[in-house]
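So this block is work_35.txt, compact mmCIF, C-alpha atoms:
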```txt
# COMPACT_ATOMS: atom_id res chain seq x y z
CA MET B 1 209.30 168.75 282.03
CA ALA B 2 210.14 172.06 280.33
CA SER B 3 213.17 170.41 278.69
CA LYS B 4 211.04 167.58 277.24
CA ALA B 5 208.46 170.01 275.88
CA SER B 6 211.20 172.05 274.26
CA SER B 7 212.64 168.91 272.63
CA ARG B 8 209.25 167.92 271.20
CA SER B 9 208.75 171.42 269.81
CA THR B 10 212.17 171.33 268.12
CA LYS B 11 211.43 167.93 266.46
CA SER B 12 208.02 169.13 265.25
CA THR B 13 209.52 172.22 263.69
CA ALA B 14 212.19 170.12 261.93
CA ALA B 15 209.55 167.73 260.53
CA LYS B 16 207.53 170.60 259.14
CA LYS B 17 210.64 172.08 257.48
CA LYS B 18 211.43 168.67 255.90
CA THR B 19 207.88 168.36 254.54
CA VAL B 20 208.02 171.86 253.06
CA THR B 21 211.42 171.13 251.49
CA THR B 22 210.10 167.86 249.92
CA LYS B 23 207.06 169.60 248.47
CA ALA B 24 209.23 172.40 247.10
CA ALA B 25 211.53 169.88 245.41
CA ALA B 26 208.57 168.09 243.84
CA GLY B 27 207.11 171.37 242.65
CA GLY B 28 210.45 172.34 241.16
CA ALA B 29 210.60 169.08 239.24
CA VAL B 30 207.12 169.64 237.84
CA ARG B 31 207.97 173.22 236.87
CA LYS B 32 211.16 172.00 235.18
CA ALA B 33 209.23 169.37 233.20
CA ARG B 34 206.71 171.99 232.12
CA ALA B 35 209.46 174.39 231.16
CA THR B 36 211.06 171.80 228.84
CA ASN B 37 207.71 170.71 227.33
CA GLY B 38 207.65 171.18 223.50
CA ARG B 39 211.43 171.90 223.23
CA ALA B 40 213.99 169.70 221.48
CA THR B 41 216.28 167.69 223.76
CA ASN B 42 219.53 166.09 222.54
CA GLY B 43 218.58 166.88 218.91
CA LYS B 44 215.29 164.91 219.10
CA ALA B 45 212.09 166.47 217.69
CA ARG B 46 209.26 166.79 220.21
CA THR B 47 205.53 167.28 219.86
CA SER B 48 203.55 169.89 221.79
CA HIS B 49 203.16 167.30 224.59
CA GLY B 50 206.88 166.72 224.85
CA ALA B 51 206.86 163.26 223.19
CA SER B 52 209.44 162.63 220.44
CA LEU B 53 208.10 162.22 216.83
CA ALA B 54 209.24 158.67 216.06
CA GLY B 55 212.70 159.57 217.24
CA LEU B 56 213.36 161.89 214.26
CA ASN B 57 215.40 165.04 214.37
CA ASP B 58 214.30 168.36 212.91
CA TYR B 59 215.97 167.78 209.54
CA GLU B 60 214.33 164.36 209.12
CA VAL B 61 210.90 165.70 210.05
CA GLU B 62 211.30 168.50 207.51
CA GLU B 63 212.29 166.01 204.81
CA LEU B 64 209.19 163.92 205.56
CA LEU B 65 206.92 166.97 205.52
CA GLN B 66 208.27 168.19 202.16
CA ALA B 67 207.80 164.73 200.61
CA LEU B 68 204.22 164.50 201.87
CA GLU B 69 203.45 168.00 200.60
CA ALA B 70 204.75 167.06 197.14
CA ALA B 71 202.56 163.94 197.06
CA ARG B 72 199.55 165.98 198.19
CA ARG B 73 200.11 168.31 195.20
CA GLY B 74 200.22 165.30 192.86
CA ASP B 75 204.00 165.40 192.41
CA PHE B 76 205.08 161.77 192.48
CA THR B 77 208.69 162.49 191.51
CA ALA B 78 209.85 163.48 195.01
CA ARG B 79 211.75 160.78 196.87
CA MET B 80 213.06 160.40 200.43
CA SER B 81 216.45 159.12 201.56
CA THR B 82 216.57 155.45 202.52
CA ARG B 83 219.49 155.18 204.94
CA ARG B 84 219.73 151.61 206.14
CA GLY B 85 219.27 150.79 209.79
CA THR B 86 217.53 154.09 210.61
CA GLN B 87 213.94 154.91 211.32
CA ILE B 88 213.86 157.66 208.68
CA GLY B 89 215.30 155.15 206.22
CA ARG B 90 212.43 152.73 206.79
CA ILE B 91 209.90 155.57 206.51
CA GLY B 92 211.58 156.76 203.31
CA ALA B 93 211.48 153.29 201.75
CA SER B 94 207.76 152.96 202.48
CA TYR B 95 207.04 156.44 201.16
CA ASN B 96 209.03 155.87 197.98
CA ALA B 97 207.22 152.57 197.34
CA LEU B 98 203.88 154.35 197.82
CA VAL B 99 204.57 157.17 195.36
CA ASP B 100 206.08 154.67 192.88
CA GLN B 101 202.80 152.78 192.96
CA MET B 102 200.76 155.98 192.56
CA ASP B 103 202.95 157.05 189.64
CA ARG B 104 202.57 153.66 187.90
CA MET B 105 198.80 153.74 188.35
CA THR B 106 198.61 157.26 186.89
CA LYS B 107 200.59 156.15 183.82
CA GLU B 108 198.32 153.12 183.44
CA PHE B 109 195.25 155.38 183.53
CA ILE B 110 196.79 157.49 180.74
CA ARG B 111 197.67 154.42 178.65
CA VAL B 112 194.20 152.88 178.84
CA ARG B 113 192.54 156.21 178.09
CA ARG B 114 194.68 156.55 174.94
CA VAL B 115 194.19 152.95 173.78
CA VAL B 116 190.44 152.80 174.40
CA GLY B 117 189.37 156.40 173.91
CA GLN B 118 191.62 157.46 171.03
CA GLU B 119 192.66 154.24 169.29
CA GLY B 120 189.26 152.58 169.65
CA ARG B 121 190.56 149.29 171.04
CA THR B 122 187.57 148.79 173.29
CA THR B 123 188.65 145.39 174.60
CA GLU B 124 191.70 146.86 176.36
CA ARG B 125 191.58 147.08 180.16
CA MET B 126 193.72 148.42 182.97
CA SER B 127 196.35 146.02 184.32
CA PHE B 128 198.03 146.51 187.70
CA PRO B 129 199.73 143.30 188.93
CA GLY B 130 199.91 142.84 192.67
CA ALA B 131 197.14 145.34 193.45
CA THR B 132 195.36 144.62 196.73
CA GLY B 133 192.85 146.37 198.96
CA GLY B 134 191.93 149.87 197.81
CA TRP B 135 194.34 149.63 194.86
CA ALA B 136 192.49 146.58 193.52
CA VAL B 137 189.16 148.37 194.04
CA ARG B 138 190.37 151.31 191.95
CA VAL B 139 191.48 149.02 189.11
CA GLU B 140 188.23 147.04 189.15
CA THR B 141 186.12 150.21 189.27
CA PHE B 142 187.99 151.80 186.36
CA ASN B 143 187.63 148.67 184.23
CA ALA B 144 183.95 148.37 185.17
CA LEU B 145 183.46 151.98 184.01
CA ILE B 146 184.95 151.11 180.61
CA ASP B 147 182.67 148.07 180.39
CA ASP B 148 179.62 150.20 181.21
CA LEU B 149 180.56 152.71 178.50
CA VAL B 150 181.54 150.16 175.85
CA ARG B 151 178.49 147.86 176.10
CA PRO B 152 175.90 150.40 174.86
CA THR B 153 178.30 151.58 172.16
CA THR B 154 178.81 148.00 170.98
CA GLU B 155 175.06 147.46 171.00
CA VAL B 156 174.45 150.53 168.83
CA ALA B 157 177.19 149.39 166.42
CA ARG B 158 175.57 145.95 166.15
CA VAL B 159 172.18 147.43 165.25
CA VAL B 160 173.61 149.94 162.76
CA GLU B 161 175.62 147.19 161.07
CA ALA B 162 172.45 145.12 160.72
CA VAL B 163 170.62 148.09 159.16
CA ALA B 164 173.49 148.63 156.73
CA GLN B 165 173.02 145.01 155.61
CA GLY B 166 169.29 145.54 155.13
CA ASN B 167 168.21 143.77 158.31
CA LEU B 168 165.61 145.93 160.07
CA THR B 169 164.59 143.30 162.61
CA GLN B 170 167.37 144.10 165.08
CA LYS B 171 166.86 146.49 167.97
CA MET B 172 169.06 147.91 170.68
CA ALA B 173 168.61 146.11 173.98
CA LEU B 174 167.47 148.39 176.79
CA LYS B 175 168.72 145.96 179.42
CA ILE B 176 172.40 145.01 179.25
CA ALA B 177 174.11 142.45 181.50
CA GLY B 178 170.95 142.25 183.57
CA GLN B 179 170.89 145.99 184.25
CA PRO B 180 168.42 148.45 182.67
CA VAL B 181 169.94 151.13 180.46
CA ARG B 182 169.55 154.60 181.98
CA GLY B 183 170.23 158.26 181.28
CA GLU B 184 171.84 159.24 178.00
CA PHE B 185 172.24 155.60 176.97
CA LEU B 186 168.49 155.09 177.37
CA ARG B 187 167.83 158.15 175.22
CA ILE B 188 170.17 156.87 172.50
CA GLY B 189 168.61 153.41 172.63
CA THR B 190 165.10 154.82 172.39
CA VAL B 191 166.05 157.01 169.40
CA VAL B 192 167.74 154.10 167.61
CA ASN B 193 164.77 151.80 168.17
CA THR B 194 162.30 154.49 167.05
CA MET B 195 164.36 154.99 163.89
CA LEU B 196 164.24 151.24 163.25
CA ASP B 197 160.48 151.18 163.71
CA GLN B 198 160.09 154.00 161.18
CA LEU B 199 162.46 152.36 158.72
CA SER B 200 160.70 149.05 159.05
CA SER B 201 157.25 150.65 158.65
CA PHE B 202 158.42 152.64 155.64
CA ALA B 203 159.98 149.57 154.00
CA ASP B 204 156.84 147.49 154.63
CA GLU B 205 154.54 150.14 153.16
CA VAL B 206 156.70 150.77 150.09
CA THR B 207 156.91 147.02 149.49
CA ARG B 208 153.14 146.67 149.87
CA VAL B 209 152.34 149.52 147.45
CA ALA B 210 154.88 148.31 144.89
CA ARG B 211 153.48 144.78 145.07
CA GLU B 212 149.85 145.89 144.82
CA VAL B 213 150.37 148.40 142.00
CA GLY B 214 153.20 146.80 140.09
CA THR B 215 152.56 143.08 140.56
CA GLU B 216 148.94 142.58 141.53
CA GLY B 217 147.60 145.44 139.41
CA LYS B 218 145.68 146.97 142.32
CA LEU B 219 145.76 150.62 141.38
CA GLY B 220 145.27 153.46 143.82
CA GLY B 221 147.45 152.07 146.62
CA GLN B 222 149.15 154.56 148.94
CA ALA B 223 151.85 154.11 151.57
CA LYS B 224 150.81 155.09 155.08
CA VAL B 225 153.64 155.60 157.57
CA LYS B 226 152.76 157.10 160.96
CA GLY B 227 154.89 159.69 162.67
CA VAL B 228 157.32 160.28 159.80
CA SER B 229 158.93 163.64 159.17
CA GLY B 230 161.80 165.16 157.24
CA THR B 231 163.40 162.87 154.68
CA TRP B 232 161.18 159.93 155.66
CA LYS B 233 158.09 161.98 154.88
CA ASP B 234 159.62 163.13 151.59
CA LEU B 235 160.31 159.52 150.62
CA THR B 236 156.79 158.45 151.56
CA ASP B 237 155.28 161.32 149.57
CA SER B 238 157.46 160.46 146.56
CA VAL B 239 156.35 156.83 146.62
CA ASN B 240 152.71 157.86 146.88
CA PHE B 241 153.11 160.42 144.07
CA MET B 242 154.68 157.76 141.84
CA ALA B 243 151.90 155.30 142.64
CA SER B 244 149.28 157.97 141.99
CA ASN B 245 150.83 158.88 138.61
CA LEU B 246 151.02 155.25 137.54
CA THR B 247 147.42 154.74 138.54
CA GLY B 248 146.26 157.80 136.61
CA GLN B 249 148.20 156.90 133.47
CA VAL B 250 147.17 153.24 133.40
CA ARG B 251 143.53 154.06 134.07
CA ASN B 252 143.47 156.72 131.33
CA ILE B 253 145.05 154.31 128.82
CA ALA B 254 142.67 151.57 129.91
CA GLN B 255 139.71 153.94 129.47
CA VAL B 256 140.71 154.83 125.89
CA THR B 257 141.51 151.23 125.02
CA THR B 258 138.13 150.10 126.29
CA ALA B 259 136.40 152.81 124.23
CA VAL B 260 138.24 151.74 121.07
CA ALA B 261 137.36 148.12 121.78
CA ASN B 262 133.71 149.23 121.95
CA GLY B 263 134.01 151.11 118.61
CA ASP B 264 134.26 154.56 120.17
CA LEU B 265 137.15 156.36 118.45
CA SER B 266 136.43 159.74 119.99
CA GLN B 267 138.34 159.07 123.17
CA LYS B 268 141.94 160.23 123.63
CA ILE B 269 144.57 159.88 126.34
CA THR B 270 144.57 163.16 128.24
CA VAL B 271 146.84 162.37 131.18
CA ASP B 272 149.95 164.57 131.48
CA VAL B 273 152.89 162.20 130.92
CA LYS B 274 156.52 162.17 129.85
CA GLY B 275 159.08 159.82 128.39
CA GLU B 276 157.96 156.46 126.99
CA ILE B 277 154.46 156.92 128.38
CA LEU B 278 154.25 160.15 126.32
CA GLU B 279 155.29 158.19 123.19
CA LEU B 280 152.61 155.63 123.96
CA LYS B 281 150.06 158.42 124.46
CA ASN B 282 150.88 160.02 121.08
CA THR B 283 150.82 156.67 119.30
```

Output the file's structure as structure tokens, nothing else.
Amino acid sequence: MASKASSRSTKSTAAKKKTVTTKAAAGGAVRKARATNGRATNGKARTSHGASLAGLNDYEVEELLQALEAARRGDFTARMSTRRGTQIGRIGASYNALVDQMDRMTKEFIRVRRVVGQEGRTTERMSFPGATGGWAVRVETFNALIDDLVRPTTEVARVVEAVAQGNLTQKMALKIAGQPVRGEFLRIGTVVNTMLDQLSSFADEVTRVAREVGTEGKLGGQAKVKGVSGTWKDLTDSVNFMASNLTGQVRNIAQVTTAVANGDLSQKITVDVKGEILELKNT
């Protein structure tokens, strides 16, 4: 009995030692994995979690970082190597195609700005063949911006051209392409239309006074233009002064002529006149 008990004790002790040894081995493996975490193995770059970065080595990662930094600064001249059959080669080809596209778009922006903004060719638009997704959105947005800027300018030019030809019936539209004009464009449109109203009112009044005094013989007419100032007021005052002078002269001559016709030779023309009217007065 003592021999059997001793044998069982020996087996139990051996099993415990085996379990401890197994746990120690497992713990050593874990510690080894932790110790190598974040370090390069066989020339492969590793992240902080021990996973390789797309299978690139340190040199290739550095090349990629430098290229990305250059693009971030707006330098589209940097290029990556494109070694065939390698992962870095495929990455480099994609990167180079990307910065090529960004560089072409930048040059197109510059070209359109020069053609439209400096040369005045307002029908020119940005062209970027093959643009898709966000690239197409950028092109469409840029061209839409030019349209939004050109339309009010074209409208102002149309109205000014009409005024230059003596047509005061045209006005700047305050709704273009179904959208109301806002901001600075609204202010410009309002000023232009107000100017047209004043010009039209001034022209109508001058025409009326000239017709009444000069054609219909209705003396005493005066032009009345509301809200005028500056040169417009000066012009209105000049027209009214001319009409007033003509009225005074004609009435004074008519008064003397009527007196003579009635046998009264004591009347004389007293109005202050110049030129041919003065010669008529003296005669």

Quick one: of B:Met126, B:Gln66, B:Asn252, B:Thr283, who's nearest to B:Arg114, counting all atoms listed in the file?
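Closest to B:Arg114 of all the choices is B:Met126.
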
Write out as a short mmCIF file (atom, residue, chain, number, x, y, z; two decimals) with C-alpha atoms, in the coordinates of the input the residues lying within 9 Å of B:Gly214, counting only C-alpha atoms and excluding same-chain residues fewer than 5 positions away.
```cif
data_model
loop_
_atom_site.label_atom_id
_atom_site.label_comp_id
_atom_site.auth_asym_id
_atom_site.auth_seq_id
_atom_site.Cartn_x
_atom_site.Cartn_y
_atom_site.Cartn_z
CA VAL B 209 152.34 149.52 147.45
CA LEU B 219 145.76 150.62 141.38
CA ALA B 243 151.90 155.30 142.64
#
```

In Å, rounded to a single decimal, give me how far atom CA of B:Gln101 is from atom CA of B:Gly117.
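Taking atom CA of B:Gly117 and atom CA of B:Gln101, their separation equals 23.6 Å.
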
To one decimal place, how far is atom CA of B:Glu108 from atom CA of B:Ala67 in Å?
22.8 Å

Using only C-alpha atoms, what does the table of stretch 83-127 of chain B residues within 12 Å of stretch 134-138 of chain B look like, with each row giving the shortest atom pair and its distance in Å to one decimal, sorted by chain and ascending number, as a tab-separated table?
```
residue	atom	partner	partner_atom	distance
B:Leu98	CA	B:Trp135	CA	11.0
B:Gln101	CA	B:Trp135	CA	9.2
B:Met102	CA	B:Trp135	CA	9.3
B:Arg104	CA	B:Trp135	CA	11.5
B:Met105	CA	B:Trp135	CA	8.9
B:Thr106	CA	B:Arg138	CA	11.4
B:Glu108	CA	B:Arg138	CA	11.8
B:Phe109	CA	B:Arg138	CA	10.5
B:Met126	CA	B:Arg138	CA	10.0
B:Ser127	CA	B:Ala136	CA	10.0
```

Residue selection dump (C-alpha atoms) as a tab-separated table (two decimals), in the coordinates of the input:
```
chain	number	residue	atom	x	y	z
B	98	LEU	CA	203.88	154.35	197.82
B	101	GLN	CA	202.80	152.78	192.96
B	102	MET	CA	200.76	155.98	192.56
B	104	ARG	CA	202.57	153.66	187.90
B	105	MET	CA	198.80	153.74	188.35
B	106	THR	CA	198.61	157.26	186.89
B	108	GLU	CA	198.32	153.12	183.44
B	109	PHE	CA	195.25	155.38	183.53
B	126	MET	CA	193.72	148.42	182.97
B	127	SER	CA	196.35	146.02	184.32
```

Who sits within 10 Å of B:Arg79, all atoms listed in the file, same chain under 3 positions skipped, as a PyMOL selection string
chain B and resi 63-64+66-68+70-71+76+82+92-93+95-97+99-100

Atoms kept (C-alpha atoms) for selection, written as a short mmCIF file (atom, residue, chain, number, x, y, z; two decimals), keeping the file's coordinate frame:
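Done, and the output landed in again_27.cif:
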```
data_model
loop_
_atom_site.label_atom_id
_atom_site.label_comp_id
_atom_site.auth_asym_id
_atom_site.auth_seq_id
_atom_site.Cartn_x
_atom_site.Cartn_y
_atom_site.Cartn_z
CA GLU B 63 212.29 166.01 204.81
CA LEU B 64 209.19 163.92 205.56
CA GLN B 66 208.27 168.19 202.16
CA ALA B 67 207.80 164.73 200.61
CA LEU B 68 204.22 164.50 201.87
CA ALA B 70 204.75 167.06 197.14
CA ALA B 71 202.56 163.94 197.06
CA PHE B 76 205.08 161.77 192.48
CA THR B 82 216.57 155.45 202.52
CA GLY B 92 211.58 156.76 203.31
CA ALA B 93 211.48 153.29 201.75
CA TYR B 95 207.04 156.44 201.16
CA ASN B 96 209.03 155.87 197.98
CA ALA B 97 207.22 152.57 197.34
CA VAL B 99 204.57 157.17 195.36
CA ASP B 100 206.08 154.67 192.88
#
```

May I have the residues at most 12 Å from (148.8, 148.0, 139.2) in the file's coordinates, counting only C-alpha atoms, as number ranges by chain?
B: 208-222, 242-251, 254

Could you pull the residues within 10 Å of B:Lys268, counting only C-alpha atoms, minus those fewer than 5 positions along the same chain, as a ChimeraX atom specification?
/B:252-253,255-257,259-260,281-282

Print the selection's residues with C-alpha atoms to a file, as a JSON list (two decimals), in the frame of the given file.
```json
[["chain", "number", "residue", "atom", "x", "y", "z"],
["B", 252, "ASN", "CA", 143.47, 156.72, 131.33],
["B", 253, "ILE", "CA", 145.05, 154.31, 128.82],
["B", 255, "GLN", "CA", 139.71, 153.94, 129.47],
["B", 256, "VAL", "CA", 140.71, 154.83, 125.89],
["B", 257, "THR", "CA", 141.51, 151.23, 125.02],
["B", 259, "ALA", "CA", 136.40, 152.81, 124.23],
["B", 260, "VAL", "CA", 138.24, 151.74, 121.07],
["B", 281, "LYS", "CA", 150.06, 158.42, 124.46],
["B", 282, "ASN", "CA", 150.88, 160.02, 121.08]]
```

So the first atom is atom CA of B:Lys171 and the second is atom CA of B:Arg158; what is the distance between them in Å, to one decimal place?
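So the two atoms, atom CA of B:Lys171 and atom CA of B:Arg158, lie 8.9 Å apart.
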
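Summary of the local environment: counting all atoms listed in the file, residues at most 9 Å from B:Ile88, other than itself and those fewer than 3 positions away along its chain, are Ala54, Gly55, Leu56, Glu60, Val61, Leu64, Met80, Ser81, Thr82, Arg83, Arg84, Gly85, Ile91, Gly92 and Ala93 of chain B.
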